[in-house]
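Please read the structure below before turning to the comments.
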Amino acid sequence: MSDNIMKTGSSVEKIVAMPGLNLIIISRKQHEPCSALSISLSIADVAGFLKRESVHGRTLVFSLENAKKKVEQMLAQYNAMLGDITVVYAHRKGTFGNKIEDGLDVFLQDNPQLKLIVIDSIEKIVEGETGQMKYDVAYNKLCALKEVASKHGVTLLVATYIGDPENIDKFADVADTVLKVIENSSQNGEEYTLCISGKNISRTKVSVGFDAGRCRWNWVTAR
């Protein structure tokens, strides 16, 4: 598969190039190898967020679902682009204050070069702040994060691994764009469909394949 299969102007690139809240929905059983971080980095890569010469600027990643060593191995695949990625490996009280939206607001004021924020996942953020996963808190958290994104003109890629359709629908109502990962029936288990829907885009399905050796996703077809 070609790394350049996703052409300039495609639906996915338009999504992440615009400020707003992009919700990535992945079932918990698909977390390996289909991690939101690997998908987010691949999307950010093709949209130019990880390129040093890009006007988009730097990327901040809250990587809370994966062990630090595994994340570092994944990021190492990006070589020269590593300088464009700031990683927060754990969210605890005091890291960004008692509420991530307040701390992130201040952090973005001090670091205006940051234009892409990846949060993997909203469940870990809520658990870190309350000690347990509460859907009403998660919903309000997404609303608050969206306001921060709008205020600073940044793009948010937020992952959720919830399996309850009712709560997924509630979360999706907050987002500007929803990217739902569906596992395809294949022998190698490394092909997926990314279903994209949003307020300002046409519903799109993108076939993607995972390159385990490079920890990257390749966009195959859009329909």
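Ordering of the structure tokens sets the chain letters (A, B, ...), residue numbers begin anew at 1 in every chain, and ligands are numbered from 1 in the order given.
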Please return, as a VMD selection string, all residues of region 18-206 of chain A that DSSP assigns to strand (DSSP E) on the basis of the backbone. chain A and resid 20 to 25 58 to 63 85 to 88 114 to 120 155 to 160 177 to 183 191 to 198 204 to 206
| message | Quick one: residues within 8 Å of Leu21 (chain A), only C-alpha atoms, excluding same-chain residues fewer than 5 positions away - as a list of chain:residue names? | response |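 Surrounding residues, per the criterion: A:Leu145, A:Lys146, A:Ala149, A:Thr155, A:Leu156, A:Leu157, A:Val158, A:Val174, A:Ala175, A:Asp176, A:Thr177.
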Nearest to Ala36 (chain A) among A:Gln109, A:Thr193, A:Ser202, A:Ser63, with distances taken over only C-alpha atoms: which residue is it?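 Distance minimum relative to Ala36 (chain A) lands on A:Ser63.
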Run DSSP on the backbone and tell me which residues of region 48-184 of chain A come out as alpha helix (DSSP H); list them as a VMD selection string. chain A and resid 68 to 76 100 to 110 122 to 130 135 to 152 165 to 174
I need the residues from that last selection saved to file as a PDB file, in the first residue's frame (with C-alpha atoms), if you can.
```pdb
ATOM      1  CA  LYS A  68       5.205   4.536  27.810  1.00  0.00           C
ATOM      2  CA  LYS A  69       7.634   2.075  26.199  1.00  0.00           C
ATOM      3  CA  LYS A  70       5.107   1.053  23.550  1.00  0.00           C
ATOM      4  CA  VAL A  71       4.268   4.663  22.762  1.00  0.00           C
ATOM      5  CA  GLU A  72       7.933   5.552  22.406  1.00  0.00           C
ATOM      6  CA  GLN A  73       8.395   2.642  19.999  1.00  0.00           C
ATOM      7  CA  MET A  74       5.446   3.886  17.956  1.00  0.00           C
ATOM      8  CA  LEU A  75       6.687   7.457  17.907  1.00  0.00           C
ATOM      9  CA  ALA A  76      10.160   6.294  16.906  1.00  0.00           C
ATOM     10  CA  ILE A 100      -8.062  19.107  31.953  1.00  0.00           C
ATOM     11  CA  GLU A 101     -10.096  21.742  30.120  1.00  0.00           C
ATOM     12  CA  ASP A 102      -8.873  24.487  32.481  1.00  0.00           C
ATOM     13  CA  GLY A 103      -5.270  23.358  32.369  1.00  0.00           C
ATOM     14  CA  LEU A 104      -5.343  22.910  28.614  1.00  0.00           C
ATOM     15  CA  ASP A 105      -6.780  26.392  28.174  1.00  0.00           C
ATOM     16  CA  VAL A 106      -3.852  27.912  30.072  1.00  0.00           C
ATOM     17  CA  PHE A 107      -1.327  25.636  28.345  1.00  0.00           C
ATOM     18  CA  LEU A 108      -2.542  26.700  24.905  1.00  0.00           C
ATOM     19  CA  GLN A 109      -2.306  30.345  25.870  1.00  0.00           C
ATOM     20  CA  ASP A 110       1.354  29.771  26.717  1.00  0.00           C
ATOM     21  CA  ILE A 122     -11.772  10.421  27.293  1.00  0.00           C
ATOM     22  CA  GLU A 123     -12.415   7.493  29.658  1.00  0.00           C
ATOM     23  CA  LYS A 124      -8.914   7.776  31.126  1.00  0.00           C
ATOM     24  CA  ILE A 125      -9.305  11.519  31.561  1.00  0.00           C
ATOM     25  CA  VAL A 126     -12.558  11.069  33.496  1.00  0.00           C
ATOM     26  CA  GLU A 127     -11.152   8.199  35.564  1.00  0.00           C
ATOM     27  CA  GLY A 128      -8.121  10.317  36.416  1.00  0.00           C
ATOM     28  CA  GLU A 129     -10.293  13.167  37.668  1.00  0.00           C
ATOM     29  CA  THR A 130     -13.104  11.258  39.408  1.00  0.00           C
ATOM     30  CA  TYR A 135     -20.802   9.022  31.295  1.00  0.00           C
ATOM     31  CA  ASP A 136     -22.408  12.291  32.352  1.00  0.00           C
ATOM     32  CA  VAL A 137     -18.999  13.630  33.389  1.00  0.00           C
ATOM     33  CA  ALA A 138     -17.475  12.421  30.106  1.00  0.00           C
ATOM     34  CA  TYR A 139     -20.204  14.161  28.111  1.00  0.00           C
ATOM     35  CA  ASN A 140     -19.655  17.445  29.954  1.00  0.00           C
ATOM     36  CA  LYS A 141     -15.899  16.990  29.543  1.00  0.00           C
ATOM     37  CA  LEU A 142     -16.247  16.699  25.774  1.00  0.00           C
ATOM     38  CA  CYS A 143     -18.389  19.856  25.710  1.00  0.00           C
ATOM     39  CA  ALA A 144     -15.784  21.737  27.748  1.00  0.00           C
ATOM     40  CA  LEU A 145     -12.896  20.502  25.586  1.00  0.00           C
ATOM     41  CA  LYS A 146     -14.769  21.526  22.451  1.00  0.00           C
ATOM     42  CA  GLU A 147     -15.107  25.060  23.844  1.00  0.00           C
ATOM     43  CA  VAL A 148     -11.351  25.174  24.478  1.00  0.00           C
ATOM     44  CA  ALA A 149     -10.694  23.985  20.921  1.00  0.00           C
ATOM     45  CA  SER A 150     -12.961  26.680  19.496  1.00  0.00           C
ATOM     46  CA  LYS A 151     -11.397  29.382  21.658  1.00  0.00           C
ATOM     47  CA  HIS A 152      -7.853  28.578  20.523  1.00  0.00           C
ATOM     48  CA  PRO A 165     -24.771   2.666  21.704  1.00  0.00           C
ATOM     49  CA  GLU A 166     -26.874   5.150  23.669  1.00  0.00           C
ATOM     50  CA  ASN A 167     -23.832   6.845  25.187  1.00  0.00           C
ATOM     51  CA  ILE A 168     -21.967   6.727  21.879  1.00  0.00           C
ATOM     52  CA  ASP A 169     -24.837   8.634  20.270  1.00  0.00           C
ATOM     53  CA  LYS A 170     -24.739  11.233  23.048  1.00  0.00           C
ATOM     54  CA  PHE A 171     -20.990  11.672  22.640  1.00  0.00           C
ATOM     55  CA  ALA A 172     -21.338  11.876  18.863  1.00  0.00           C
ATOM     56  CA  ASP A 173     -23.871  14.696  19.174  1.00  0.00           C
ATOM     57  CA  VAL A 174     -21.174  16.886  20.750  1.00  0.00           C
TER      58      VAL A 174
END
```
Which residues are near Tyr89 (chain A)? Cut-off 10 Å, only C-alpha atoms, ignore same chain within fewer than 4 positions. Put them as a PDB file with N, CA and C atoms, in the first residue's frame.
```pdb
ATOM      1  N   VAL A  61      -0.056  15.191  22.599  1.00  0.00           N
ATOM      2  CA  VAL A  61      -0.725  13.897  22.710  1.00  0.00           C
ATOM      3  C   VAL A  61      -0.863  13.491  24.174  1.00  0.00           C
ATOM      4  N   PHE A  62      -2.095  13.220  24.590  1.00  0.00           N
ATOM      5  CA  PHE A  62      -2.348  12.604  25.884  1.00  0.00           C
ATOM      6  C   PHE A  62      -2.471  11.103  25.636  1.00  0.00           C
ATOM      7  N   SER A  63      -1.374  10.369  25.825  1.00  0.00           N
ATOM      8  CA  SER A  63      -1.361   8.934  25.558  1.00  0.00           C
ATOM      9  C   SER A  63      -1.530   8.190  26.876  1.00  0.00           C
ATOM     10  N   LEU A  64      -2.772   7.862  27.203  1.00  0.00           N
ATOM     11  CA  LEU A  64      -3.102   7.301  28.511  1.00  0.00           C
ATOM     12  C   LEU A  64      -3.500   5.840  28.450  1.00  0.00           C
ATOM     13  N   GLU A  65      -3.677   5.315  27.247  1.00  0.00           N
ATOM     14  CA  GLU A  65      -4.130   3.936  27.087  1.00  0.00           C
ATOM     15  C   GLU A  65      -2.985   2.951  26.921  1.00  0.00           C
ATOM     16  N   ASN A  66      -1.813   3.434  26.518  1.00  0.00           N
ATOM     17  CA  ASN A  66      -0.688   2.552  26.219  1.00  0.00           C
ATOM     18  C   ASN A  66       0.482   2.820  27.156  1.00  0.00           C
ATOM     19  N   ALA A  67       1.275   1.785  27.392  1.00  0.00           N
ATOM     20  CA  ALA A  67       2.472   1.927  28.217  1.00  0.00           C
ATOM     21  C   ALA A  67       3.465   2.863  27.533  1.00  0.00           C
ATOM     22  N   LYS A  68       4.266   3.553  28.332  1.00  0.00           N
ATOM     23  CA  LYS A  68       5.205   4.536  27.810  1.00  0.00           C
ATOM     24  C   LYS A  68       6.159   3.914  26.801  1.00  0.00           C
ATOM     25  N   VAL A  71       4.493   3.389  23.439  1.00  0.00           N
ATOM     26  CA  VAL A  71       4.268   4.663  22.762  1.00  0.00           C
ATOM     27  C   VAL A  71       5.560   5.185  22.158  1.00  0.00           C
ATOM     28  N   ASP A 120      -6.209  10.205  24.143  1.00  0.00           N
ATOM     29  CA  ASP A 120      -6.469   8.763  24.099  1.00  0.00           C
ATOM     30  C   ASP A 120      -6.425   8.222  25.537  1.00  0.00           C
TER      31      ASP A 120
END
```
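Take CA of Gln113 (chain A) and CA of Asn98 (chain A): the distance between them is 23.9 Å.
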| When you draw a straight line from CA of Ser40 (chain A) to CA of Gly198 (chain A), how long is it in Å? |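 Interatomic distance, CA of Ser40 (chain A) to CA of Gly198 (chain A): 17.1 Å.
Put simply, CA of Glu191 (chain A) is 6.6 Å away from CA of Phe210 (chain A).
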Nearest residue to Leu41 (chain A) out of A:Ser27, A:Asn22, A:Thr59, A:Ser121, using only C-alpha atoms?
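Using only C-alpha atoms, Leu41 (chain A) sits closest to A:Thr59.
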Looking at A:Ala90, A:Ile182, A:Ile201, A:Ala159, which one is nearest to Ile117 (chain A), with distances taken over only C-alpha atoms?
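The answer is A:Ala159, which sits nearest to Ile117 (chain A).
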Considering only C-alpha atoms, return as a short mmCIF file (atom, residue, chain, number, x, y, z; two decimals) with C-alpha atoms, in the first residue's frame whatever protein or nucleic-acid residues lie within 6 Å of Leu194 (chain A), sequence-local ones (same chain, fewer than 2 positions apart) excluded.
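Printed below is part_36.cif as written:
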```
data_model
loop_
_atom_site.label_atom_id
_atom_site.label_comp_id
_atom_site.auth_asym_id
_atom_site.auth_seq_id
_atom_site.Cartn_x
_atom_site.Cartn_y
_atom_site.Cartn_z
CA LYS A 180 -15.94 5.11 13.80
CA VAL A 181 -13.55 2.20 13.32
CA LYS A 205 -16.21 5.33 4.33
CA VAL A 206 -12.47 4.84 4.04
#
```
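Checking A:Ile43, A:Ile119, A:Leu114, A:Ile24 one by one against Asn218 (chain A), counting only C-alpha atoms, you find the shortest gap at A:Ile43.
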